[in-house]
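Asker: My file is data15.pdb. It has PDB, C-alpha atoms, pLDDT in the B column:
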```
ATOM      1  CA  MET A   1      -8.226 140.634 -88.098  1.00 55.00           C
ATOM      2  CA  GLN A   2      -6.647 138.379 -85.471  1.00 76.00           C
ATOM      3  CA  GLN A   3      -7.811 134.799 -85.049  1.00 92.00           C
ATOM      4  CA  LEU A   4     -11.147 134.498 -83.242  1.00 96.00           C
ATOM      5  CA  THR A   5     -11.358 132.589 -79.991  1.00 98.00           C
ATOM      6  CA  ILE A   6     -14.457 130.387 -80.193  1.00 98.00           C
ATOM      7  CA  ILE A   7     -16.903 129.827 -77.340  1.00 98.00           C
ATOM      8  CA  PRO A   8     -18.557 126.483 -78.167  1.00 98.00           C
ATOM      9  CA  PRO A   9     -22.378 126.230 -78.191  1.00 98.00           C
ATOM     10  CA  ARG A  10     -24.047 126.277 -74.761  1.00 97.00           C
ATOM     11  CA  SER A  11     -20.828 127.090 -72.895  1.00 98.00           C
ATOM     12  CA  GLY A  12     -19.028 130.053 -71.342  1.00 98.00           C
ATOM     13  CA  THR A  13     -15.631 131.568 -70.661  1.00 98.00           C
ATOM     14  CA  SER A  14     -13.920 134.299 -68.662  1.00 98.00           C
ATOM     15  CA  PHE A  15     -10.844 136.468 -69.198  1.00 98.00           C
ATOM     16  CA  ILE A  16      -9.247 139.810 -68.337  1.00 98.00           C
ATOM     17  CA  LEU A  17      -9.753 142.871 -70.560  1.00 98.00           C
ATOM     18  CA  LYS A  18      -7.409 145.741 -69.736  1.00 98.00           C
ATOM     19  CA  LYS A  19      -8.298 149.428 -69.886  1.00 98.00           C
ATOM     20  CA  ASN A  20      -8.380 150.730 -73.482  1.00 98.00           C
ATOM     21  CA  GLN A  21      -8.325 147.247 -75.004  1.00 98.00           C
ATOM     22  CA  ARG A  22     -11.136 146.478 -77.409  1.00 98.00           C
ATOM     23  CA  LEU A  23     -13.246 143.342 -77.365  1.00 98.00           C
ATOM     24  CA  LYS A  24     -14.831 142.345 -80.662  1.00 98.00           C
ATOM     25  CA  VAL A  25     -17.707 139.876 -80.229  1.00 98.00           C
ATOM     26  CA  VAL A  26     -18.693 138.070 -83.425  1.00 98.00           C
ATOM     27  CA  ASP A  27     -21.812 136.064 -84.249  1.00 98.00           C
ATOM     28  CA  VAL A  28     -20.022 133.345 -86.194  1.00 98.00           C
ATOM     29  CA  GLU A  29     -23.024 131.635 -87.833  1.00 98.00           C
ATOM     30  CA  GLY A  30     -25.874 134.095 -87.179  1.00 98.00           C
ATOM     31  CA  GLU A  31     -28.839 134.274 -84.779  1.00 98.00           C
ATOM     32  CA  GLN A  32     -26.764 133.482 -81.674  1.00 98.00           C
ATOM     33  CA  VAL A  33     -26.855 135.419 -78.396  1.00 98.00           C
ATOM     34  CA  SER A  34     -23.914 135.995 -76.049  1.00 98.00           C
ATOM     35  CA  ASP A  35     -24.528 136.871 -72.389  1.00 98.00           C
ATOM     36  CA  PHE A  36     -21.858 139.368 -71.297  1.00 98.00           C
ATOM     37  CA  ILE A  37     -20.964 140.461 -67.767  1.00 98.00           C
ATOM     38  CA  CYS A  38     -17.957 142.298 -66.339  1.00 99.00           C
ATOM     39  CA  TYR A  39     -16.422 143.316 -63.032  1.00 99.00           C
ATOM     40  CA  ASN A  40     -13.763 145.788 -61.952  1.00 98.00           C
ATOM     41  CA  LEU A  41     -10.576 143.694 -61.932  1.00 98.00           C
ATOM     42  CA  HIS A  42      -9.336 145.495 -58.809  1.00 98.00           C
ATOM     43  CA  ASP A  43     -12.622 145.421 -56.859  1.00 98.00           C
ATOM     44  CA  LYS A  44     -15.069 142.679 -57.808  1.00 98.00           C
ATOM     45  CA  ALA A  45     -17.865 144.316 -55.790  1.00 98.00           C
ATOM     46  CA  GLU A  46     -18.131 146.763 -58.700  1.00 98.00           C
ATOM     47  CA  TYR A  47     -19.982 145.194 -61.624  1.00 98.00           C
ATOM     48  CA  LEU A  48     -21.911 146.018 -64.784  1.00 98.00           C
ATOM     49  CA  SER A  49     -25.329 147.498 -63.948  1.00 98.00           C
ATOM     50  CA  SER A  50     -28.339 147.216 -66.214  1.00 98.00           C
ATOM     51  CA  GLY A  51     -30.290 149.734 -64.150  1.00 98.00           C
ATOM     52  CA  ARG A  52     -27.586 152.416 -64.049  1.00 98.00           C
ATOM     53  CA  THR A  53     -26.791 152.018 -67.757  1.00 98.00           C
ATOM     54  CA  ILE A  54     -30.415 152.225 -68.902  1.00 98.00           C
ATOM     55  CA  ASP A  55     -31.057 155.131 -66.525  1.00 98.00           C
ATOM     56  CA  TYR A  56     -28.188 157.242 -67.892  1.00 98.00           C
ATOM     57  CA  ALA A  57     -28.716 156.266 -71.542  1.00 98.00           C
ATOM     58  CA  GLU A  58     -32.491 156.888 -71.275  1.00 98.00           C
ATOM     59  CA  THR A  59     -33.120 153.897 -73.510  1.00 97.00           C
ATOM     60  CA  ILE A  60     -33.313 150.111 -73.261  1.00 97.00           C
ATOM     61  CA  TYR A  61     -31.926 149.789 -76.800  1.00 96.00           C
ATOM     62  CA  LEU A  62     -28.178 150.241 -76.377  1.00 98.00           C
ATOM     63  CA  THR A  63     -25.870 150.498 -79.382  1.00 98.00           C
ATOM     64  CA  LYS A  64     -22.817 152.244 -80.825  1.00 98.00           C
ATOM     65  CA  GLY A  65     -21.871 155.315 -78.796  1.00 98.00           C
ATOM     66  CA  ASN A  66     -23.502 154.164 -75.560  1.00 98.00           C
ATOM     67  CA  LEU A  67     -21.539 154.029 -72.324  1.00 98.00           C
ATOM     68  CA  PHE A  68     -22.084 151.114 -69.949  1.00 99.00           C
ATOM     69  CA  TYR A  69     -21.991 151.871 -66.238  1.00 99.00           C
ATOM     70  CA  SER A  70     -21.220 149.981 -63.051  1.00 99.00           C
ATOM     71  CA  ASN A  71     -23.327 149.762 -59.906  1.00 98.00           C
ATOM     72  CA  ARG A  72     -21.155 152.664 -58.682  1.00 98.00           C
ATOM     73  CA  SER A  73     -21.944 154.827 -61.736  1.00 98.00           C
ATOM     74  CA  ASN A  74     -18.477 154.510 -63.228  1.00 98.00           C
ATOM     75  CA  VAL A  75     -18.085 153.872 -66.968  1.00 99.00           C
ATOM     76  CA  MET A  76     -16.918 150.287 -67.543  1.00 99.00           C
ATOM     77  CA  PHE A  77     -16.892 150.259 -71.351  1.00 98.00           C
ATOM     78  CA  GLU A  78     -18.193 151.978 -74.463  1.00 98.00           C
ATOM     79  CA  MET A  79     -19.734 150.276 -77.473  1.00 98.00           C
ATOM     80  CA  ILE A  80     -17.774 151.643 -80.411  1.00 98.00           C
ATOM     81  CA  GLU A  81     -19.052 149.369 -83.202  1.00 98.00           C
ATOM     82  CA  ASP A  82     -22.391 147.639 -83.719  1.00 98.00           C
ATOM     83  CA  THR A  83     -23.486 146.044 -86.992  1.00 98.00           C
ATOM     84  CA  VAL A  84     -26.819 144.800 -85.585  1.00 98.00           C
ATOM     85  CA  GLY A  85     -28.331 147.489 -83.355  1.00 97.00           C
ATOM     86  CA  GLN A  86     -30.568 145.132 -81.359  1.00 97.00           C
ATOM     87  CA  HIS A  87     -29.471 143.772 -77.971  1.00 98.00           C
ATOM     88  CA  ASP A  88     -31.086 143.160 -74.589  1.00 98.00           C
ATOM     89  CA  PHE A  89     -30.258 144.440 -71.100  1.00 98.00           C
ATOM     90  CA  LEU A  90     -33.512 143.460 -69.349  1.00 98.00           C
ATOM     91  CA  LEU A  91     -33.521 139.671 -69.025  1.00 97.00           C
ATOM     92  CA  THR A  92     -31.367 137.603 -66.692  1.00 97.00           C
ATOM     93  CA  PRO A  93     -29.100 134.762 -67.879  1.00 97.00           C
ATOM     94  CA  CYS A  94     -30.985 131.574 -68.717  1.00 96.00           C
ATOM     95  CA  SER A  95     -30.675 128.944 -65.985  1.00 96.00           C
ATOM     96  CA  ALA A  96     -31.748 125.446 -65.042  1.00 94.00           C
ATOM     97  CA  GLU A  97     -34.611 127.013 -63.068  1.00 94.00           C
ATOM     98  CA  MET A  98     -35.695 129.056 -66.077  1.00 92.00           C
ATOM     99  CA  PHE A  99     -35.697 125.970 -68.302  1.00 93.00           C
ATOM    100  CA  ARG A 100     -37.938 124.208 -65.756  1.00 93.00           C
ATOM    101  CA  ILE A 101     -40.350 127.149 -65.398  1.00 94.00           C
ATOM    102  CA  ILE A 102     -40.592 128.354 -69.016  1.00 89.00           C
ATOM    103  CA  TYR A 103     -39.805 125.239 -71.072  1.00 86.00           C
ATOM    104  CA  GLY A 104     -41.020 122.537 -68.672  1.00 90.00           C
ATOM    105  CA  ASP A 105     -37.674 120.698 -68.879  1.00 88.00           C
ATOM    106  CA  THR A 106     -37.384 117.881 -66.359  1.00 89.00           C
ATOM    107  CA  ASN A 107     -33.629 117.470 -66.910  1.00 88.00           C
ATOM    108  CA  PRO A 108     -32.606 121.052 -67.717  1.00 90.00           C
ATOM    109  CA  HIS A 109     -29.288 122.384 -69.004  1.00 91.00           C
ATOM    110  CA  ARG A 110     -27.458 124.604 -66.495  1.00 94.00           C
ATOM    111  CA  GLY A 111     -27.837 127.511 -68.919  1.00 96.00           C
ATOM    112  CA  CYS A 112     -25.817 130.688 -69.220  1.00 98.00           C
ATOM    113  CA  PHE A 113     -26.090 131.301 -65.489  1.00 98.00           C
ATOM    114  CA  GLY A 114     -24.492 127.947 -64.697  1.00 98.00           C
ATOM    115  CA  ASN A 115     -21.867 128.455 -67.401  1.00 98.00           C
ATOM    116  CA  LEU A 116     -20.985 131.894 -66.011  1.00 98.00           C
ATOM    117  CA  CYS A 117     -20.819 130.484 -62.467  1.00 98.00           C
ATOM    118  CA  GLN A 118     -18.304 127.916 -63.671  1.00 98.00           C
ATOM    119  CA  ALA A 119     -16.299 130.363 -65.803  1.00 98.00           C
ATOM    120  CA  LEU A 120     -16.062 133.050 -63.100  1.00 98.00           C
ATOM    121  CA  LYS A 121     -15.181 130.649 -60.285  1.00 98.00           C
ATOM    122  CA  GLU A 122     -11.449 131.125 -60.925  1.00 97.00           C
ATOM    123  CA  TYR A 123     -11.894 134.821 -60.076  1.00 98.00           C
ATOM    124  CA  GLU A 124     -13.779 133.925 -56.862  1.00 98.00           C
ATOM    125  CA  ILE A 125     -17.021 135.470 -58.116  1.00 98.00           C
ATOM    126  CA  ALA A 126     -19.922 133.678 -56.452  1.00 98.00           C
ATOM    127  CA  PRO A 127     -23.238 132.813 -58.159  1.00 98.00           C
ATOM    128  CA  ASP A 128     -25.127 135.398 -56.082  1.00 97.00           C
ATOM    129  CA  ASN A 129     -22.822 138.073 -57.489  1.00 98.00           C
ATOM    130  CA  ILE A 130     -23.813 137.482 -61.122  1.00 98.00           C
ATOM    131  CA  PRO A 131     -26.366 140.188 -62.037  1.00 98.00           C
ATOM    132  CA  THR A 132     -28.393 140.831 -65.192  1.00 98.00           C
ATOM    133  CA  CYS A 133     -26.079 140.460 -68.184  1.00 98.00           C
ATOM    134  CA  PHE A 134     -25.850 142.501 -71.351  1.00 98.00           C
ATOM    135  CA  ASN A 135     -27.292 140.034 -73.868  1.00 98.00           C
ATOM    136  CA  ILE A 136     -25.431 140.768 -77.082  1.00 98.00           C
ATOM    137  CA  PHE A 137     -27.514 140.143 -80.247  1.00 98.00           C
ATOM    138  CA  MET A 138     -30.633 139.201 -78.216  1.00 98.00           C
ATOM    139  CA  ASN A 139     -33.873 140.527 -79.728  1.00 98.00           C
ATOM    140  CA  VAL A 140     -36.359 141.476 -76.981  1.00 97.00           C
ATOM    141  CA  PRO A 141     -38.970 143.972 -78.193  1.00 96.00           C
ATOM    142  CA  VAL A 142     -41.200 145.584 -75.587  1.00 97.00           C
ATOM    143  CA  ASP A 143     -44.861 146.407 -76.287  1.00 96.00           C
ATOM    144  CA  GLY A 144     -45.297 150.155 -75.864  1.00 94.00           C
ATOM    145  CA  VAL A 145     -48.771 149.819 -74.331  1.00 97.00           C
ATOM    146  CA  THR A 146     -48.731 146.686 -72.164  1.00 97.00           C
ATOM    147  CA  GLY A 147     -44.991 146.474 -71.467  1.00 97.00           C
ATOM    148  CA  LYS A 148     -45.033 142.807 -72.477  1.00 97.00           C
ATOM    149  CA  VAL A 149     -41.622 141.520 -73.533  1.00 97.00           C
ATOM    150  CA  SER A 150     -41.155 139.041 -76.356  1.00 96.00           C
ATOM    151  CA  VAL A 151     -38.094 136.965 -77.195  1.00 96.00           C
ATOM    152  CA  LEU A 152     -37.658 136.842 -80.973  1.00 97.00           C
ATOM    153  CA  PRO A 153     -34.873 135.406 -83.142  1.00 97.00           C
ATOM    154  CA  PRO A 154     -31.760 137.602 -83.182  1.00 98.00           C
ATOM    155  CA  LYS A 155     -31.381 139.965 -86.116  1.00 98.00           C
ATOM    156  CA  SER A 156     -27.673 139.143 -86.359  1.00 98.00           C
ATOM    157  CA  LYS A 157     -26.290 137.323 -89.371  1.00 98.00           C
ATOM    158  CA  ALA A 158     -23.028 135.428 -89.752  1.00 98.00           C
ATOM    159  CA  GLY A 159     -20.127 137.836 -89.250  1.00 98.00           C
ATOM    160  CA  ASP A 160     -22.116 140.550 -87.465  1.00 98.00           C
ATOM    161  CA  HIS A 161     -20.290 141.992 -84.481  1.00 98.00           C
ATOM    162  CA  VAL A 162     -20.049 144.539 -81.715  1.00 98.00           C
ATOM    163  CA  THR A 163     -16.833 146.111 -80.418  1.00 98.00           C
ATOM    164  CA  LEU A 164     -16.548 147.222 -76.805  1.00 98.00           C
ATOM    165  CA  GLN A 165     -13.699 149.395 -75.502  1.00 98.00           C
ATOM    166  CA  ALA A 166     -12.803 148.947 -71.837  1.00 98.00           C
ATOM    167  CA  LYS A 167     -12.651 152.102 -69.711  1.00 98.00           C
ATOM    168  CA  MET A 168     -11.176 150.246 -66.725  1.00 98.00           C
ATOM    169  CA  ASP A 169      -9.455 146.910 -66.142  1.00 99.00           C
ATOM    170  CA  LEU A 170     -12.180 144.254 -66.325  1.00 99.00           C
ATOM    171  CA  ILE A 171     -12.908 140.640 -65.553  1.00 99.00           C
ATOM    172  CA  VAL A 172     -15.223 139.497 -68.342  1.00 99.00           C
ATOM    173  CA  GLY A 173     -17.631 136.555 -68.429  1.00 98.00           C
ATOM    174  CA  MET A 174     -19.239 135.548 -71.739  1.00 98.00           C
ATOM    175  CA  THR A 175     -21.377 132.732 -73.070  1.00 98.00           C
ATOM    176  CA  ALA A 176     -22.728 131.239 -76.246  1.00 98.00           C
ATOM    177  CA  CYS A 177     -26.310 131.303 -74.996  1.00 97.00           C
ATOM    178  CA  SER A 178     -28.071 128.052 -74.131  1.00 94.00           C
ATOM    179  CA  ALA A 179     -31.724 129.147 -74.483  1.00 93.00           C
ATOM    180  CA  GLY A 180     -33.538 127.872 -77.556  1.00 89.00           C
ATOM    181  CA  MET A 181     -36.015 130.737 -77.709  1.00 89.00           C
ATOM    182  CA  SER A 182     -33.188 133.306 -77.711  1.00 94.00           C
ATOM    183  CA  ASN A 183     -31.328 131.658 -80.604  1.00 94.00           C
ATOM    184  CA  ASN A 184     -34.186 130.586 -82.900  1.00 93.00           C
ATOM    185  CA  PHE A 185     -33.954 127.067 -81.405  1.00 92.00           C
ATOM    186  CA  SER A 186     -30.461 126.380 -82.706  1.00 94.00           C
ATOM    187  CA  TYR A 187     -27.283 126.398 -80.617  1.00 95.00           C
ATOM    188  CA  LYS A 188     -24.212 127.932 -82.218  1.00 98.00           C
ATOM    189  CA  PRO A 189     -20.778 129.285 -81.231  1.00 98.00           C
ATOM    190  CA  ILE A 190     -19.749 132.841 -80.443  1.00 98.00           C
ATOM    191  CA  GLY A 191     -16.374 134.257 -81.438  1.00 98.00           C
ATOM    192  CA  TYR A 192     -14.331 137.008 -79.860  1.00 98.00           C
ATOM    193  CA  VAL A 193     -10.983 138.709 -80.205  1.00 98.00           C
ATOM    194  CA  ILE A 194      -9.137 141.145 -77.937  1.00 98.00           C
ATOM    195  CA  GLU A 195      -7.643 144.054 -79.862  1.00 96.00           C
ATOM    196  CA  GLU A 196      -4.984 146.405 -78.468  1.00 89.00           C
TER     197      GLU A 196
END
```
Please rewrite the model in this file as C-alpha cells.

Answerer:
Amino acid sequence: MQQLTIIPPRSGTSFILKKNQRLKVVDVEGEQVSDFICYNLHDKAEYLSSGRTIDYAETIYLTKGNLFYSNRSNVMFEMIEDTVGQHDFLLTPCSAEMFRIIYGDTNPHRGCFGNLCQALKEYEIAPDNIPTCFNIFMNVPVDGVTGKVSVLPPKSKAGDHVTLQAKMDLIVGMTACSAGMSNNFSYKPIGYVIEE
C-alpha cells in the first residue's frame, strides 16, 4: 500500500478526488472518527446529502456496497470496502457551539466544523454550505422505540479502514474528529491514501 497521508488529531484537510479514484480512509490507532464531506468539483452547489443517501439506501447504517448520493440525486461515490460496518450519517460536525452546549466548554475548540471551514476555504466553499457529514467510524446507535441517539466509542481498531470509489470528480473535506465523546475521549490521527 502507498504511504498514508496523516491528518493530525483535531484538524482537517481538503483535496481533489477524481472520478474512479479510490480513497482509503484508515483509523491509524483505533477508536477515531473522521468527518467526511464532498462536493462536485465542477459545480460546488452539488454536495453529499445525508437525506438522499439514507432515503435511497433505506437504512441509516451505511456500509460496503452502498451508494452515496448528492442533493441532486446523483451518485457521488460507492463504499467498496468496510472493515468496521458502523458509521454515522445523522449528526452534524462538532463545533465550538456544540462544545458550549453539550460539554459546557467556556473556551471551546473550533471542532470539525471549524476545521472543515478552514480546509475548504481554498475552494471557496462557505461555512453555510457545509452540510451533515458522513462520520466514518462513528458509533451512533438509535433506540428502536424512543428514537434516542447515543454516541458510543467507535468499534474501529488500529488499521481498520473504508474504501470509497468516486463516481464523479470531487472536492473532499476530511477531519480527525475533535469531539471527545465520539472518540472515547482520546484524540488521534486519521490516515488516508488515494489509489488509482

Asker: I'd like to know which of A:Leu23, A:Ile130, A:Cys177, A:Ile136 is closest to Arg10 of chain A, using all atoms listed in the file.

Answerer: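 Among the listed residues, the smallest separation from Arg10 of chain A belongs to A:Cys177.
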
Asker: List the neighbours of segment 83-94 of chain A out to 8 Å using all atoms listed in the file; skip same-chain residues closer than 6 positions along the sequence, and give me the result as a PyMOL selection string.

Answerer: chain A and resi 35+50+60-64+111-113+131-140+154-156+160-162+177-179

Asker: Show which residues sit within 10 Å of Glu195 of chain A, as a ChimeraX atom specification. Count only C-alpha atoms, and ignore same-chain residues fewer than 3 positions away.

Answerer: /A:1-2,17,20-24,163-165,192

Asker: Once the PyMOL selection byres ((chain A and resi 127) around 10) is applied to the coordinates I shared, what remains selected? I want it as a VMD selection string.

Answerer: chain A and resid 113 to 114 116 to 118 120 to 121 124 to 126 128 to 131

Asker: For atom CA of Gly12 of chain A and atom CA of Val75 of chain A, determine how far apart the two atoms are, in Å to one decimal place.

Answerer: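 Distance reported for this atom pair: 24.2 Å.
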
Asker: Output the residue selection produced by the PyMOL selection byres ((chain A and resi 46) around 12) on the file above, formatted as a PDB file with C-alpha atoms, in the coordinates of the input.

Answerer:
```pdb
ATOM      1  CA  ILE A  37     -20.964 140.461 -67.767  1.00 98.00           C
ATOM      2  CA  CYS A  38     -17.957 142.298 -66.339  1.00 99.00           C
ATOM      3  CA  TYR A  39     -16.422 143.316 -63.032  1.00 99.00           C
ATOM      4  CA  ASN A  40     -13.763 145.788 -61.952  1.00 98.00           C
ATOM      5  CA  LEU A  41     -10.576 143.694 -61.932  1.00 98.00           C
ATOM      6  CA  HIS A  42      -9.336 145.495 -58.809  1.00 98.00           C
ATOM      7  CA  ASP A  43     -12.622 145.421 -56.859  1.00 98.00           C
ATOM      8  CA  LYS A  44     -15.069 142.679 -57.808  1.00 98.00           C
ATOM      9  CA  ALA A  45     -17.865 144.316 -55.790  1.00 98.00           C
ATOM     10  CA  TYR A  47     -19.982 145.194 -61.624  1.00 98.00           C
ATOM     11  CA  LEU A  48     -21.911 146.018 -64.784  1.00 98.00           C
ATOM     12  CA  SER A  49     -25.329 147.498 -63.948  1.00 98.00           C
ATOM     13  CA  TYR A  69     -21.991 151.871 -66.238  1.00 99.00           C
ATOM     14  CA  SER A  70     -21.220 149.981 -63.051  1.00 99.00           C
ATOM     15  CA  ASN A  71     -23.327 149.762 -59.906  1.00 98.00           C
ATOM     16  CA  ARG A  72     -21.155 152.664 -58.682  1.00 98.00           C
ATOM     17  CA  SER A  73     -21.944 154.827 -61.736  1.00 98.00           C
ATOM     18  CA  ASN A  74     -18.477 154.510 -63.228  1.00 98.00           C
ATOM     19  CA  VAL A  75     -18.085 153.872 -66.968  1.00 99.00           C
ATOM     20  CA  MET A  76     -16.918 150.287 -67.543  1.00 99.00           C
ATOM     21  CA  ILE A 125     -17.021 135.470 -58.116  1.00 98.00           C
ATOM     22  CA  ASN A 129     -22.822 138.073 -57.489  1.00 98.00           C
ATOM     23  CA  ILE A 130     -23.813 137.482 -61.122  1.00 98.00           C
ATOM     24  CA  PRO A 131     -26.366 140.188 -62.037  1.00 98.00           C
ATOM     25  CA  MET A 168     -11.176 150.246 -66.725  1.00 98.00           C
ATOM     26  CA  ASP A 169      -9.455 146.910 -66.142  1.00 99.00           C
ATOM     27  CA  LEU A 170     -12.180 144.254 -66.325  1.00 99.00           C
ATOM     28  CA  ILE A 171     -12.908 140.640 -65.553  1.00 99.00           C
TER      29      ILE A 171
END
```

Asker: Just the residues within 10 Å of segment 7-9 of chain A, please, counting all atoms listed in the file, with nothing from its chain fewer than 5 positions along; format it as a ChimeraX atom specification.

Answerer: /A:32,34,174-178,186-192

Asker: Measure the distance from atom CA of Ile16 of chain A to atom CA of Glu78 of chain A in Å and round it to one decimal.

Answerer: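 Calculated distance between atom CA of Ile16 of chain A and atom CA of Glu78 of chain A is 16.3 Å.
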